[in-house]
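One file, run-v7.csv, carrying CSV, C-alpha atoms and all ligand atoms:
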```
chain,number,residue,atom,x,y,z
T,1,MET,CA,73.5,119.1,69.9
T,2,THR,CA,70.6,118.5,72.4
T,3,ARG,CA,71.0,115.6,74.7
T,4,PRO,CA,68.5,112.7,74.4
T,5,PRO,CA,66.3,111.7,77.4
T,6,PHE,CA,67.3,108.4,79.0
T,7,ASP,CA,65.2,105.6,80.6
T,8,LEU,CA,67.5,103.3,82.6
T,9,PHE,CA,66.2,99.8,83.7
T,10,CYS,CA,67.9,98.0,86.6
T,11,ARG,CA,67.1,94.7,88.3
T,12,VAL,CA,69.1,93.8,91.3
T,13,ILE,CA,70.5,90.3,91.0
T,14,ASP,CA,72.8,90.3,94.0
T,15,ASN,CA,74.6,92.6,96.4
T,16,TYR,CA,75.0,96.3,95.6
T,17,GLY,CA,76.8,96.3,92.2
T,18,ASP,CA,73.8,96.4,89.9
T,19,ALA,CA,72.1,99.3,91.7
T,20,GLY,CA,75.5,101.0,92.3
T,21,VAL,CA,76.5,101.1,88.6
T,22,CYS,CA,73.0,102.1,87.4
T,23,TRP,CA,72.7,104.9,89.9
T,24,ARG,CA,76.2,106.2,89.1
T,25,LEU,CA,75.4,106.2,85.4
T,26,ALA,CA,72.0,107.8,86.0
T,27,HIS,CA,73.3,110.8,87.9
T,28,GLN,CA,76.2,111.3,85.6
T,29,LEU,CA,73.8,111.5,82.6
T,30,ALA,CA,71.7,114.0,84.6
T,31,ASP,CA,74.8,116.0,85.4
T,32,MET,CA,75.4,116.2,81.6
T,33,GLY,CA,72.0,117.8,81.1
T,34,CYS,CA,70.0,114.7,80.1
T,35,ALA,CA,66.5,114.0,81.4
T,36,VAL,CA,66.8,110.6,83.2
T,37,ARG,CA,64.4,108.2,84.7
T,38,LEU,CA,65.8,105.2,86.6
T,39,TRP,CA,63.4,102.2,87.0
T,40,ILE,CA,64.6,99.8,89.6
T,41,ASP,CA,63.1,96.7,91.2
T,42,ARG,CA,64.8,97.1,94.6
T,43,LEU,CA,64.5,100.6,96.0
T,44,ASP,CA,65.6,99.2,99.4
T,45,VAL,CA,69.0,98.2,98.0
T,46,LEU,CA,69.5,101.6,96.2
T,47,ALA,CA,68.5,103.3,99.5
T,48,GLN,CA,71.5,101.8,101.2
T,49,LEU,CA,73.8,103.5,98.8
T,50,LEU,CA,71.7,106.6,98.6
T,51,PRO,CA,70.3,107.3,102.1
T,52,GLU,CA,68.1,110.2,101.0
T,53,LEU,CA,66.0,107.8,98.9
T,54,ASP,CA,62.8,106.6,100.6
T,55,PRO,CA,62.6,102.8,99.8
T,56,ALA,CA,58.8,103.0,100.0
T,57,GLY,CA,58.5,106.0,97.8
T,58,ASP,CA,56.5,106.0,94.5
T,59,GLY,CA,58.6,108.4,92.5
T,60,GLN,CA,61.4,110.6,93.8
T,61,ARG,CA,63.7,113.2,92.2
T,62,ILE,CA,67.3,113.1,93.5
T,63,GLN,CA,70.2,114.8,91.9
T,64,GLY,CA,68.2,115.4,88.8
T,65,VAL,CA,67.2,111.8,88.4
T,66,GLU,CA,63.6,110.5,88.6
T,67,ILE,CA,63.8,107.3,90.5
T,68,LEU,CA,60.8,105.0,90.0
T,69,PRO,CA,59.8,101.5,91.2
T,70,TRP,CA,59.9,98.9,88.4
T,71,TYR,CA,56.2,98.0,88.5
T,72,GLN,CA,55.3,101.5,87.3
T,73,ALA,CA,57.1,101.0,84.0
T,74,GLU,CA,54.4,98.6,82.9
T,75,ARG,CA,52.1,101.6,82.4
T,76,ALA,CA,54.8,103.9,81.0
T,77,SER,CA,56.1,104.7,77.5
T,78,ALA,CA,59.6,105.1,76.3
T,79,PRO,CA,60.7,108.7,75.8
T,80,ARG,CA,60.1,109.8,72.2
T,81,GLY,CA,63.5,110.0,70.4
T,82,GLY,CA,65.2,109.0,73.5
T,83,VAL,CA,67.4,106.1,74.8
T,84,VAL,CA,66.3,103.1,76.7
T,85,ILE,CA,69.1,101.4,78.6
T,86,GLU,CA,68.6,97.8,79.7
T,87,ALA,CA,71.2,97.2,82.2
T,88,PHE,CA,72.9,93.7,82.3
T,89,ALA,CA,70.2,92.1,80.1
T,90,CYS,CA,67.6,92.7,82.8
T,91,MET,CA,64.6,92.2,80.3
T,92,LEU,CA,62.3,95.2,80.0
T,93,PRO,CA,58.7,95.1,81.2
T,94,PRO,CA,56.8,93.5,78.2
T,95,ALA,CA,54.1,96.3,77.8
T,96,TYR,CA,56.8,99.0,77.8
T,97,GLU,CA,58.9,97.0,75.3
T,98,ALA,CA,55.9,96.5,73.0
T,99,GLY,CA,55.3,100.3,72.9
T,100,MET,CA,58.9,101.2,72.0
T,101,ALA,CA,58.5,100.8,68.2
T,102,GLN,CA,56.2,103.8,68.1
T,103,GLN,CA,58.6,106.1,70.0
T,104,ASP,CA,61.6,106.3,67.6
T,105,CYS,CA,63.9,105.4,70.4
T,106,LEU,CA,67.2,103.7,70.7
T,107,TRP,CA,67.7,100.6,72.9
T,108,ILE,CA,71.1,99.9,74.6
T,109,ASN,CA,72.1,96.7,76.3
T,110,LEU,CA,74.6,97.8,78.9
T,111,GLU,CA,76.8,94.9,79.7
T,112,TYR,CA,79.0,93.9,82.7
T,113,LEU,CA,82.6,95.1,82.8
T,114,SER,CA,85.4,92.9,81.5
T,115,ALA,CA,88.9,93.3,80.2
T,116,GLU,CA,88.7,90.2,77.9
T,117,ASP,CA,89.9,90.8,74.3
T,118,TRP,CA,86.6,89.9,72.7
T,119,VAL,CA,84.9,92.9,74.4
T,120,ALA,CA,86.3,95.4,71.9
T,121,SER,CA,85.0,93.4,68.9
T,122,CYS,CA,81.5,93.1,70.4
T,123,HIS,CA,81.2,96.7,71.8
T,124,GLY,CA,78.7,98.7,69.7
T,125,LEU,CA,77.4,95.8,67.6
T,126,PRO,CA,73.8,95.9,66.6
T,127,SER,CA,71.4,93.3,68.0
T,128,PRO,CA,68.4,93.1,65.5
T,129,GLN,CA,65.0,93.0,67.2
T,130,ALA,CA,61.7,91.6,66.1
T,131,ASN,CA,60.0,94.9,66.9
T,132,GLY,CA,62.4,96.8,64.7
T,133,VAL,CA,63.8,99.1,67.4
T,134,PRO,CA,67.5,99.6,66.8
T,135,LYS,CA,69.4,97.9,69.7
T,136,TYR,CA,73.1,97.9,70.4
T,137,PHE,CA,75.5,96.2,72.8
T,138,TYR,CA,77.4,98.6,75.0
T,139,PHE,CA,80.4,97.1,76.8
T,140,PRO,CA,82.3,99.1,79.5
T,141,GLY,CA,86.0,98.4,79.3
T,142,PHE,CA,89.5,99.5,79.9
T,143,THR,CA,90.6,100.5,76.4
T,144,SER,CA,89.6,103.2,73.8
T,145,SER,CA,87.9,100.6,71.7
T,146,THR,CA,85.3,99.8,74.4
T,147,GLY,CA,82.7,101.8,76.2
T,148,GLY,CA,85.0,103.1,79.0
T,149,LEU,CA,84.6,103.3,82.7
T,150,LEU,CA,82.4,105.4,84.9
T,151,ARG,CA,84.2,108.5,86.2
T,152,GLU,CA,82.8,111.8,87.4
T,153,SER,CA,84.5,114.9,86.2
T,154,GLY,CA,86.9,116.5,88.6
T,155,LEU,CA,87.5,113.3,90.5
T,156,GLN,CA,91.3,113.5,90.7
T,157,ALA,CA,91.2,117.2,91.9
T,158,ARG,CA,88.8,116.1,94.7
T,159,GLN,CA,91.2,113.4,95.7
T,160,VAL,CA,94.1,115.8,95.8
T,161,GLN,CA,92.1,118.3,97.8
T,162,ALA,CA,90.9,115.7,100.3
T,163,GLN,CA,94.3,114.2,100.8
T,164,ALA,CA,95.7,117.5,101.9
T,165,THR,CA,93.9,116.9,105.3
T,166,ASP,CA,95.2,114.4,107.8
T,167,ARG,CA,93.6,111.1,107.1
T,168,ARG,CA,92.7,110.3,110.7
T,169,MET,CA,90.6,113.5,110.8
T,170,ARG,CA,89.0,112.5,107.5
T,171,LEU,CA,88.2,109.0,108.8
T,172,GLN,CA,86.8,110.4,112.0
T,173,ALA,CA,84.4,112.7,110.0
T,174,LEU,CA,83.5,109.9,107.7
T,175,THR,CA,83.2,106.9,110.0
T,176,GLY,CA,83.2,108.2,113.6
T,177,LEU,CA,86.5,106.4,114.2
T,178,ALA,CA,88.3,108.5,116.9
T,179,ALA,CA,91.2,110.4,115.2
T,180,ASP,CA,93.7,109.6,118.0
T,181,ALA,CA,92.8,105.9,118.0
T,182,MET,CA,95.0,104.9,115.0
T,183,PRO,CA,98.7,105.5,115.4
T,184,PRO,CA,100.0,107.9,112.7
T,185,GLU,CA,102.4,105.3,111.3
T,186,ALA,CA,99.8,102.6,110.9
T,187,ARG,CA,99.0,101.1,107.6
T,188,CYS,CA,95.3,101.7,106.8
T,189,VAL,CA,93.6,98.9,104.8
T,190,LEU,CA,90.0,98.7,103.6
T,191,LEU,CA,88.4,95.3,103.5
T,192,PHE,CA,85.3,95.0,101.3
T,193,ALA,CA,85.2,91.3,100.4
T,194,TYR,CA,82.9,88.3,99.9
T,195,PRO,CA,82.6,86.0,102.9
T,196,ASP,CA,84.5,83.2,101.2
T,197,ALA,CA,87.8,85.1,100.9
T,198,PRO,CA,90.8,83.5,102.7
T,199,LEU,CA,90.4,85.9,105.6
T,200,ASP,CA,92.6,83.9,108.1
T,201,GLY,CA,95.6,84.2,105.8
T,202,LEU,CA,95.0,88.0,105.6
T,203,ARG,CA,94.6,88.3,109.4
T,204,ASP,CA,97.7,86.3,110.3
T,205,THR,CA,99.9,88.2,107.8
T,206,PHE,CA,98.9,91.6,109.1
T,207,ALA,CA,99.0,90.4,112.7
T,208,ARG,CA,102.7,89.4,112.3
T,209,ARG,CA,104.0,92.5,110.5
T,210,GLN,CA,106.1,95.1,112.3
T,211,THR,CA,104.1,98.0,111.1
T,212,PRO,CA,100.7,98.2,112.8
T,213,THR,CA,97.7,97.7,110.5
T,214,TRP,CA,94.2,99.1,110.8
T,215,LEU,CA,91.8,97.0,108.9
T,216,LEU,CA,88.6,99.0,108.2
T,217,VAL,CA,85.6,96.7,107.7
T,218,PRO,CA,82.3,98.3,106.6
T,219,GLY,CA,79.4,96.4,108.1
T,220,THR,CA,79.9,93.4,110.4
T,221,PRO,CA,83.2,91.5,110.2
T,222,PRO,CA,83.0,87.7,110.2
T,223,PRO,CA,83.6,86.2,113.6
T,224,THR,CA,87.1,84.9,112.7
T,225,LEU,CA,88.3,88.3,111.8
T,226,ARG,CA,89.4,89.7,115.2
T,227,SER,CA,92.2,92.0,116.2
T,228,GLN,CA,95.4,90.1,116.8
T,229,GLY,CA,99.1,91.0,117.2
T,230,ASN,CA,99.8,94.1,115.2
T,231,LEU,CA,96.4,94.0,113.5
T,232,THR,CA,93.5,96.1,114.7
T,233,VAL,CA,90.1,95.3,113.1
T,234,ALA,CA,87.9,98.3,113.1
T,235,THR,CA,84.2,98.0,112.2
T,236,ILE,CA,83.0,101.0,110.4
T,237,PRO,CA,79.5,102.0,109.0
T,238,PHE,CA,78.7,101.4,105.4
T,239,VAL,CA,79.1,104.9,103.9
T,240,PRO,CA,76.8,106.5,101.3
T,241,GLN,CA,78.1,105.8,97.8
T,242,ALA,CA,78.7,109.5,97.2
T,243,ARG,CA,81.4,109.3,100.0
T,244,PHE,CA,82.8,105.8,99.1
T,245,ASP,CA,85.8,107.4,97.3
T,246,GLU,CA,86.6,109.4,100.5
T,247,LEU,CA,87.0,106.1,102.3
T,248,LEU,CA,89.3,104.7,99.6
T,249,TRP,CA,91.4,107.8,99.7
T,250,CYS,CA,92.0,107.3,103.5
T,251,CYS,CA,93.6,103.9,102.9
T,252,ASP,CA,97.1,102.7,101.8
T,253,LEU,CA,95.6,99.5,100.4
T,254,ASN,CA,92.1,98.7,99.3
T,255,PHE,CA,90.6,95.2,99.2
T,256,VAL,CA,87.6,95.6,96.9
T,257,ARG,CA,85.1,93.3,95.3
T,258,GLY,CA,82.7,93.3,92.3
T,259,GLU,CA,82.9,95.9,89.5
T,260,ASP,CA,82.0,99.2,90.9
T,261,SER,CA,84.3,99.2,94.0
T,262,LEU,CA,87.1,97.9,91.7
T,263,THR,CA,86.6,100.8,89.3
T,264,ARG,CA,86.7,103.3,92.2
T,265,ALA,CA,89.8,101.8,93.7
T,266,GLN,CA,91.6,102.0,90.4
T,267,TRP,CA,90.9,105.7,90.2
T,268,THR,CA,92.8,106.3,93.5
T,269,GLY,CA,96.1,105.1,92.1
T,270,SER,CA,96.8,103.2,95.3
T,271,PRO,CA,97.5,99.5,95.6
T,272,LEU,CA,94.3,97.4,95.5
T,273,VAL,CA,93.4,93.7,95.7
T,274,TRP,CA,90.3,92.7,93.7
T,275,GLN,CA,88.0,89.9,94.7
T,276,ILE,CA,86.0,89.1,91.6
T,277,TYR,CA,82.3,88.1,91.8
T,278,ALA,CA,82.3,84.3,91.3
T,279,GLN,CA,80.4,82.7,88.4
T,280,ASP,CA,79.2,79.1,88.5
T,281,ASP,CA,81.1,78.1,85.4
T,282,ASP,CA,84.4,79.7,86.7
T,283,ALA,CA,84.2,82.3,83.9
T,284,HIS,CA,85.3,84.8,86.5
T,285,ARG,CA,88.8,83.3,86.6
T,286,ILE,CA,89.3,84.1,82.9
T,287,LYS,CA,88.0,87.6,83.6
T,288,LEU,CA,90.4,88.1,86.5
T,289,GLU,CA,93.4,87.0,84.4
T,290,ALA,CA,92.4,89.3,81.5
T,291,TRP,CA,92.2,92.3,84.0
T,292,MET,CA,95.6,91.4,85.5
T,293,GLN,CA,97.1,91.3,82.0
T,294,ALA,CA,95.5,94.6,81.0
T,295,ALA,CA,96.8,96.3,84.1
T,296,ALA,CA,100.2,94.7,83.5
T,297,TRP,CA,100.5,93.6,87.2
T,298,PRO,CA,103.9,92.1,88.1
T,299,GLU,CA,103.8,88.3,88.7
T,300,ASN,CA,103.8,88.6,92.5
T,301,ILE,CA,100.7,90.8,92.4
T,302,ARG,CA,99.0,88.3,90.1
T,303,ALA,CA,99.9,85.5,92.5
T,304,LEU,CA,98.3,87.5,95.3
T,305,HIS,CA,95.1,88.0,93.4
T,306,ARG,CA,94.9,84.2,92.6
T,307,ALA,CA,95.4,83.5,96.2
T,308,TRP,CA,92.8,86.0,97.4
T,309,ASN,CA,90.3,84.6,94.8
T,310,GLY,CA,91.1,81.0,96.0
T,311,HIS,CA,90.4,79.4,99.3
T,312,ASP,CA,93.9,78.6,100.7
T,313,ASP,CA,94.8,80.7,103.7
T,314,ASP,CA,98.5,79.6,103.6
T,315,LEU,CA,98.9,80.6,100.0
T,316,MET,CA,97.2,84.0,100.8
T,317,ALA,CA,99.5,84.6,103.8
T,318,GLN,CA,102.6,83.8,101.7
T,319,ALA,CA,101.5,86.0,98.8
T,320,LEU,CA,100.5,88.9,100.9
T,321,SER,CA,103.6,88.8,103.1
T,322,ALA,CA,105.8,88.9,100.0
T,323,ALA,CA,103.9,91.8,98.5
T,324,LEU,CA,104.2,93.9,101.6
T,325,GLU,CA,108.0,93.8,101.7
T,326,PRO,CA,109.5,97.3,101.1
T,327,LYS,CA,110.7,96.8,97.5
T,328,PRO,CA,107.7,94.8,96.2
T,329,TRP,CA,105.4,97.3,98.0
T,330,ALA,CA,107.2,100.3,96.3
T,331,ASP,CA,106.9,98.6,92.9
T,332,TRP,CA,103.2,97.8,93.5
T,333,ALA,CA,102.6,101.4,94.4
T,334,LYS,CA,104.3,102.6,91.2
T,335,CYS,CA,102.4,100.2,89.0
T,336,SER,CA,99.1,101.2,90.6
T,337,GLU,CA,99.8,104.8,89.9
T,338,ARG,CA,100.8,104.1,86.3
T,339,TRP,CA,97.6,102.0,85.7
T,340,SER,CA,95.4,104.6,87.2
T,341,GLU,CA,97.0,107.5,85.2
T,342,LYS,CA,96.5,105.5,82.0
T,343,LEU,CA,92.8,104.9,82.7
T,344,HIS,CA,92.4,108.6,83.7
T,345,ARG,CA,93.5,109.6,80.2
T,346,SER,CA,90.5,107.9,78.5
T,347,PRO,CA,87.1,109.6,78.2
T,348,ASP,CA,84.6,108.3,80.8
T,349,LEU,CA,81.7,105.9,80.1
T,350,ALA,CA,78.8,108.4,80.4
T,351,SER,CA,80.3,110.9,77.9
T,352,ARG,CA,81.1,108.1,75.5
T,353,LEU,CA,77.7,106.6,75.8
T,354,VAL,CA,76.0,110.0,75.1
T,355,GLU,CA,78.1,110.5,72.0
T,356,PHE,CA,77.4,106.9,70.9
T,357,CYS,CA,73.7,107.4,71.3
T,358,GLN,CA,73.6,110.8,69.6
T,359,LYS,CA,75.3,109.3,66.5
T,360,LYS,CA,72.9,106.4,66.3
T,361,LEU,CA,69.8,108.6,66.8
T,362,GLN,CA,71.0,110.9,64.1
T,363,LYS,CA,71.3,108.0,61.6
T,364,SER,CA,68.0,106.4,62.4
G,401,LIG,O1,78.3,94.6,96.0
G,401,LIG,P1,79.1,94.0,94.9
G,401,LIG,O2,79.6,92.7,95.3
G,401,LIG,O3,78.2,93.8,93.6
G,401,LIG,C1,78.3,92.7,92.7
G,401,LIG,C2,79.3,93.1,91.6
G,401,LIG,O4,78.9,94.3,90.9
G,401,LIG,C3,79.3,92.0,90.6
G,401,LIG,O5,80.2,92.3,89.6
G,401,LIG,C4,77.9,91.8,90.1
G,401,LIG,O6,77.9,90.9,89.1
G,401,LIG,C5,77.0,91.4,91.2
G,401,LIG,O7,77.0,92.4,92.2
G,401,LIG,C6,75.6,91.1,90.8
G,401,LIG,O8,80.3,94.9,94.5
G,401,LIG,P2,80.4,96.3,93.8
G,401,LIG,O9,80.1,96.2,92.3
G,401,LIG,O10,81.8,96.8,94.1
G,401,LIG,O11,79.3,97.2,94.4
G,401,LIG,C7,79.4,97.7,95.7
G,401,LIG,C8,78.8,99.1,95.8
G,401,LIG,O12,78.7,99.5,97.2
G,401,LIG,C9,79.7,100.2,95.1
G,401,LIG,O13,78.8,101.1,94.4
G,401,LIG,C10,80.3,100.9,96.3
G,401,LIG,C11,79.3,100.8,97.3
G,401,LIG,N1,79.7,101.0,98.7
G,401,LIG,C12,79.2,102.1,99.4
G,401,LIG,O14,78.6,102.9,98.8
G,401,LIG,N2,79.6,102.2,100.7
G,401,LIG,C13,80.4,101.3,101.4
G,401,LIG,O15,80.7,101.5,102.6
G,401,LIG,C14,80.8,100.2,100.6
G,401,LIG,C15,81.7,99.2,101.3
G,401,LIG,C16,80.5,100.0,99.3
```
As structure tokens, the full file:
Amino acid sequence: MTRPPFDLFCRVIDNYGDAGVCWRLAHQLADMGCAVRLWIDRLDVLAQLLPELDPAGDGQRIQGVEILPWYQAERASAPRGGVVIEAFACMLPPAYEAGMAQQDCLWINLEYLSAEDWVASCHGLPSPQANGVPKYFYFPGFTSSTGGLLRESGLQARQVQAQATDRRMRLQALTGLAADAMPPEARCVLLFAYPDAPLDGLRDTFARRQTPTWLLVPGTPPPTLRSQGNLTVATIPFVPQARFDELLWCCDLNFVRGEDSLTRAQWTGSPLVWQIYAQDDDAHRIKLEAWMQAAAWPENIRALHRAWNGHDDDLMAQALSAALEPKPWADWAKCSERWSEKLHRSPDLASRLVEFCQKKLQKS
């Protein structure tokens, strides 16, 4: 069956996640043979993830995706018989939306990722529209009754191949960190976190441990986060998104945040600590609990997550010290591998989305 063309709309609300998820989806759809246009309101944010993109450019074709500034969509039409993806309820440009009814297209509202139970019952539901265009909710998720997770084909094989090379060499090539700077026995930890994380608790814990720890911080670390005791804090450059997995593969433990880096860290099968994006009404706490339940983390790892997503440095230090002891660490590593393997067995989001859209287009 021929693949439908896709128009994907993305507005950047905050940080890198909106652009990061949309770009991943766009180039995966293009890899599957779909014609894809990505309309985005912040080319500058996307350019940080995709350095070959000119943030002042008018229209650029990269990896098979036409990347266009949002304002140009006001004068554009939806692709005939194609799919329009409105990412995270970003509201389509009014003139473009008004013209959709004439184009026999399908409208998809791509939602944020959550492991909450209600997601399965809402995934794929229709959302009737005044203009008559068939619109559906598409929820990413962790089970087969949801829309799945973004994953490129061959990811596991790439990881195995990369990890056959000494990680200090890989880190040097990726970040410029001198290969002989880090002792071979050091624990390598990535820190990608929001500024309100209990960083002092993390710093004090690693500083006191017998095993030296190298904490890799992309961008500028906050002033309180300095090398201390057995902890070395290494500032590294923000790597292009296409190489972010390589950074995760170098580390024994990954502190990640938001949705996209969480998803990537899960694919590695190594221990991770997730800092969830905070919502005003505290809804993120429910989402965090739902994810921990889905992944079946042992109680000590749940306590660690609650501490990392709280503001108490002492609690964080206690929870992290306990989790790094040999037996809990070995158990954590095993659970992480099991969770990752389980997720790897499910079809990926882009494939499921194409199948979903093809079925809906056939019916309409
Ligand atoms: O940047 P984020 O905090 O984005 C957030 C979340 O997506 C959150 O759920 C959303 O609601 C909010 O934005 C609006 O975290 P996230 O999702 O992990 O996105 C980070 C992106 O940055 C991801 O695609 C990986 C990428 N990245 C690199 O490409 N290179 C790097 O060196 C690093 C550290 C990250």
Exercise. Which is closest to Asp313 of chain T among T:Glu116, T:Asp196, T:Asp180, T:Glu152, if we use only C-alpha atoms?
Worked result: T:Asp196
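The residue set within 9 Å of Ala179 of chain T, counting only C-alpha atoms and dropping same-chain residues fewer than 6 places from it, reads Arg167, Arg168, Met169, Arg170, Leu171, Gln172 and Ala173 of chain T.
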May I have the residues within 7 Å of Ala30 of chain T as a PDB file with C-alpha atoms, in the frame of the given file, using all atoms listed in the file and disregarding those fewer than 6 positions away in the same chain?
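Okay, this is what ended up in selection_14.pdb:
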```pdb
ATOM      1  CA  VAL T  36      66.800 110.600  83.200  1.00  0.00           C
ATOM      2  CA  GLY T  64      68.200 115.400  88.800  1.00  0.00           C
ATOM      3  CA  VAL T  65      67.200 111.800  88.400  1.00  0.00           C
TER       4      VAL T  65
END
```
Problem set entry | Close residues, Asn309 of chain T itself excluded, 10 Å, all atoms listed in the file, min 6 positions apart in chain, as a VMD selection string | chain T and resid 194 196 to 198 273 to 278 284 to 285 288 303 316
For this session: Using all atoms listed in the file, pick whichever of T:Asn15, T:Gln163, T:Ser270, T:Gln129 has the shortest atom-to-atom distance to ligand LIG 401 (chain G).
Result: T:Asn15
Counting only C-alpha atoms and all ligand atoms, what are the residues, protein, DNA or RNA alike, that approach ligand LIG 401 (chain G) to within 6 Å? I want them as a PDB file with C-alpha atoms, keeping the file's coordinate frame.
```pdb
ATOM      1  CA  ILE T  13      70.500  90.300  91.000  1.00  0.00           C
ATOM      2  CA  ASP T  14      72.800  90.300  94.000  1.00  0.00           C
ATOM      3  CA  ASN T  15      74.600  92.600  96.400  1.00  0.00           C
ATOM      4  CA  TYR T  16      75.000  96.300  95.600  1.00  0.00           C
ATOM      5  CA  GLY T  17      76.800  96.300  92.200  1.00  0.00           C
ATOM      6  CA  ASP T  18      73.800  96.400  89.900  1.00  0.00           C
ATOM      7  CA  GLY T  20      75.500 101.000  92.300  1.00  0.00           C
ATOM      8  CA  LEU T  49      73.800 103.500  98.800  1.00  0.00           C
ATOM      9  CA  PHE T 192      85.300  95.000 101.300  1.00  0.00           C
ATOM     10  CA  PRO T 218      82.300  98.300 106.600  1.00  0.00           C
ATOM     11  CA  PHE T 238      78.700 101.400 105.400  1.00  0.00           C
ATOM     12  CA  VAL T 239      79.100 104.900 103.900  1.00  0.00           C
ATOM     13  CA  PRO T 240      76.800 106.500 101.300  1.00  0.00           C
ATOM     14  CA  GLN T 241      78.100 105.800  97.800  1.00  0.00           C
ATOM     15  CA  PHE T 244      82.800 105.800  99.100  1.00  0.00           C
ATOM     16  CA  ARG T 257      85.100  93.300  95.300  1.00  0.00           C
ATOM     17  CA  GLY T 258      82.700  93.300  92.300  1.00  0.00           C
ATOM     18  CA  GLU T 259      82.900  95.900  89.500  1.00  0.00           C
ATOM     19  CA  ASP T 260      82.000  99.200  90.900  1.00  0.00           C
ATOM     20  CA  SER T 261      84.300  99.200  94.000  1.00  0.00           C
ATOM     21  CA  LEU T 262      87.100  97.900  91.700  1.00  0.00           C
ATOM     22  CA  TYR T 277      82.300  88.100  91.800  1.00  0.00           C
TER      23      TYR T 277
END
```
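Taking atom CA of Leu110 of chain T and atom CA of Pro94 of chain T as endpoints, the distance between them is 18.3 Å.
Distances to Asp312 of chain T were evaluated for T:Pro69, T:Pro126, T:Gly201, T:Gly82 using all atoms listed in the file, and the minimum falls at T:Gly201.
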Problem set entry | Å distance separating atom CA of Trp107 of chain T from atom CA of Arg37 of chain T, one decimal place | 14.4 Å
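Considering the residues T:Ala95, T:Met100, T:Ala322, T:Ala87 and counting all atoms listed in the file, Glu74 of chain T has its shortest atom-to-atom contact with T:Ala95.
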Problem set entry | Surrounding residues of Asp204 of chain T excluding itself and chain neighbours under 3 positions, 10 Å, only C-alpha atoms, as JSON, numbers by chain | {"T": [199, 200, 201, 207, 208, 209, 225, 227, 228, 229, 230, 231, 313, 314, 316, 317, 321]}
For this session: To one decimal in Å, tell me the separation between atom CA of Thr2 of chain T and atom CA of Gln60 of chain T.
Result: 24.6 Å
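The nearest approach to Tyr71 of chain T among the residues T:Arg226, T:Arg338, T:Arg11, T:Arg187, with all atoms listed in the file taken into account, belongs to T:Arg11.
Neighbouring residues of Asp58 of chain T at 12 Å or closer, counting all atoms listed in the file and skipping chain neighbours under 6 positions away, are Trp39, Ile40, Asp41, Leu43, Glu66, Ile67, Leu68, Pro69, Trp70, Tyr71, Gln72 and Ala73 of chain T.
If all atoms listed in the file are the atoms counted, then among T:Leu253, T:Leu149, T:Ala130, T:Leu177 the closest residue to Leu191 of chain T is T:Leu253.
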Centre, edges in Å (one decimal): axis-aligned box, segment 92-108 of chain T, 8 Å padding on all six sides, as AutoDock Vina command-line options:
```
--center_x 62.6 --center_y 99.9 --center_z 74.4 --size_x 33.0 --size_y 28.8 --size_z 29.6
```
Give one line per residue of segment 292-349 of chain T that approaches segment 355-364 of chain T to at most 12 Å, naming the two atoms of the closest pair and their distance in Å to one decimal, counting only C-alpha atoms; sort by chain then ascending residue number and deliver it as JSON lines.
```
{"residue": "T:Pro347", "atom": "CA", "partner": "T:Glu355", "partner_atom": "CA", "distance": 11.0}
{"residue": "T:Asp348", "atom": "CA", "partner": "T:Glu355", "partner_atom": "CA", "distance": 11.2}
{"residue": "T:Leu349", "atom": "CA", "partner": "T:Glu355", "partner_atom": "CA", "distance": 10.0}
```
Missing atoms in segment 315-321 of chain T need filling: write out N, CA, C and O atoms for it as a JSON list (two decimals), in the coordinates of the input.
```
[["chain", "number", "residue", "atom", "x", "y", "z"],
["T", 315, "LEU", "N", 98.45, 79.99, 101.23],
["T", 315, "LEU", "CA", 98.90, 80.60, 100.00],
["T", 315, "LEU", "C", 98.67, 82.16, 100.08],
["T", 315, "LEU", "O", 99.51, 82.96, 99.66],
["T", 316, "MET", "N", 97.52, 82.53, 100.64],
["T", 316, "MET", "CA", 97.20, 84.00, 100.80],
["T", 316, "MET", "C", 98.23, 84.64, 101.69],
["T", 316, "MET", "O", 98.74, 85.72, 101.37],
["T", 317, "ALA", "N", 98.54, 83.99, 102.81],
["T", 317, "ALA", "CA", 99.50, 84.60, 103.80],
["T", 317, "ALA", "C", 100.86, 84.76, 103.09],
["T", 317, "ALA", "O", 101.49, 85.82, 103.22],
["T", 318, "GLN", "N", 101.28, 83.75, 102.37],
["T", 318, "GLN", "CA", 102.60, 83.80, 101.70],
["T", 318, "GLN", "C", 102.62, 84.98, 100.68],
["T", 318, "GLN", "O", 103.53, 85.78, 100.65],
["T", 319, "ALA", "N", 101.57, 85.01, 99.83],
["T", 319, "ALA", "CA", 101.50, 86.00, 98.80],
["T", 319, "ALA", "C", 101.44, 87.43, 99.33],
["T", 319, "ALA", "O", 102.10, 88.36, 98.85],
["T", 320, "LEU", "N", 100.65, 87.59, 100.37],
["T", 320, "LEU", "CA", 100.50, 88.90, 100.90],
["T", 320, "LEU", "C", 101.75, 89.37, 101.66],
["T", 320, "LEU", "O", 102.20, 90.52, 101.49],
["T", 321, "SER", "N", 102.37, 88.47, 102.43],
["T", 321, "SER", "CA", 103.60, 88.80, 103.10],
["T", 321, "SER", "C", 104.66, 89.30, 102.14],
["T", 321, "SER", "O", 105.34, 90.31, 102.35]]
```
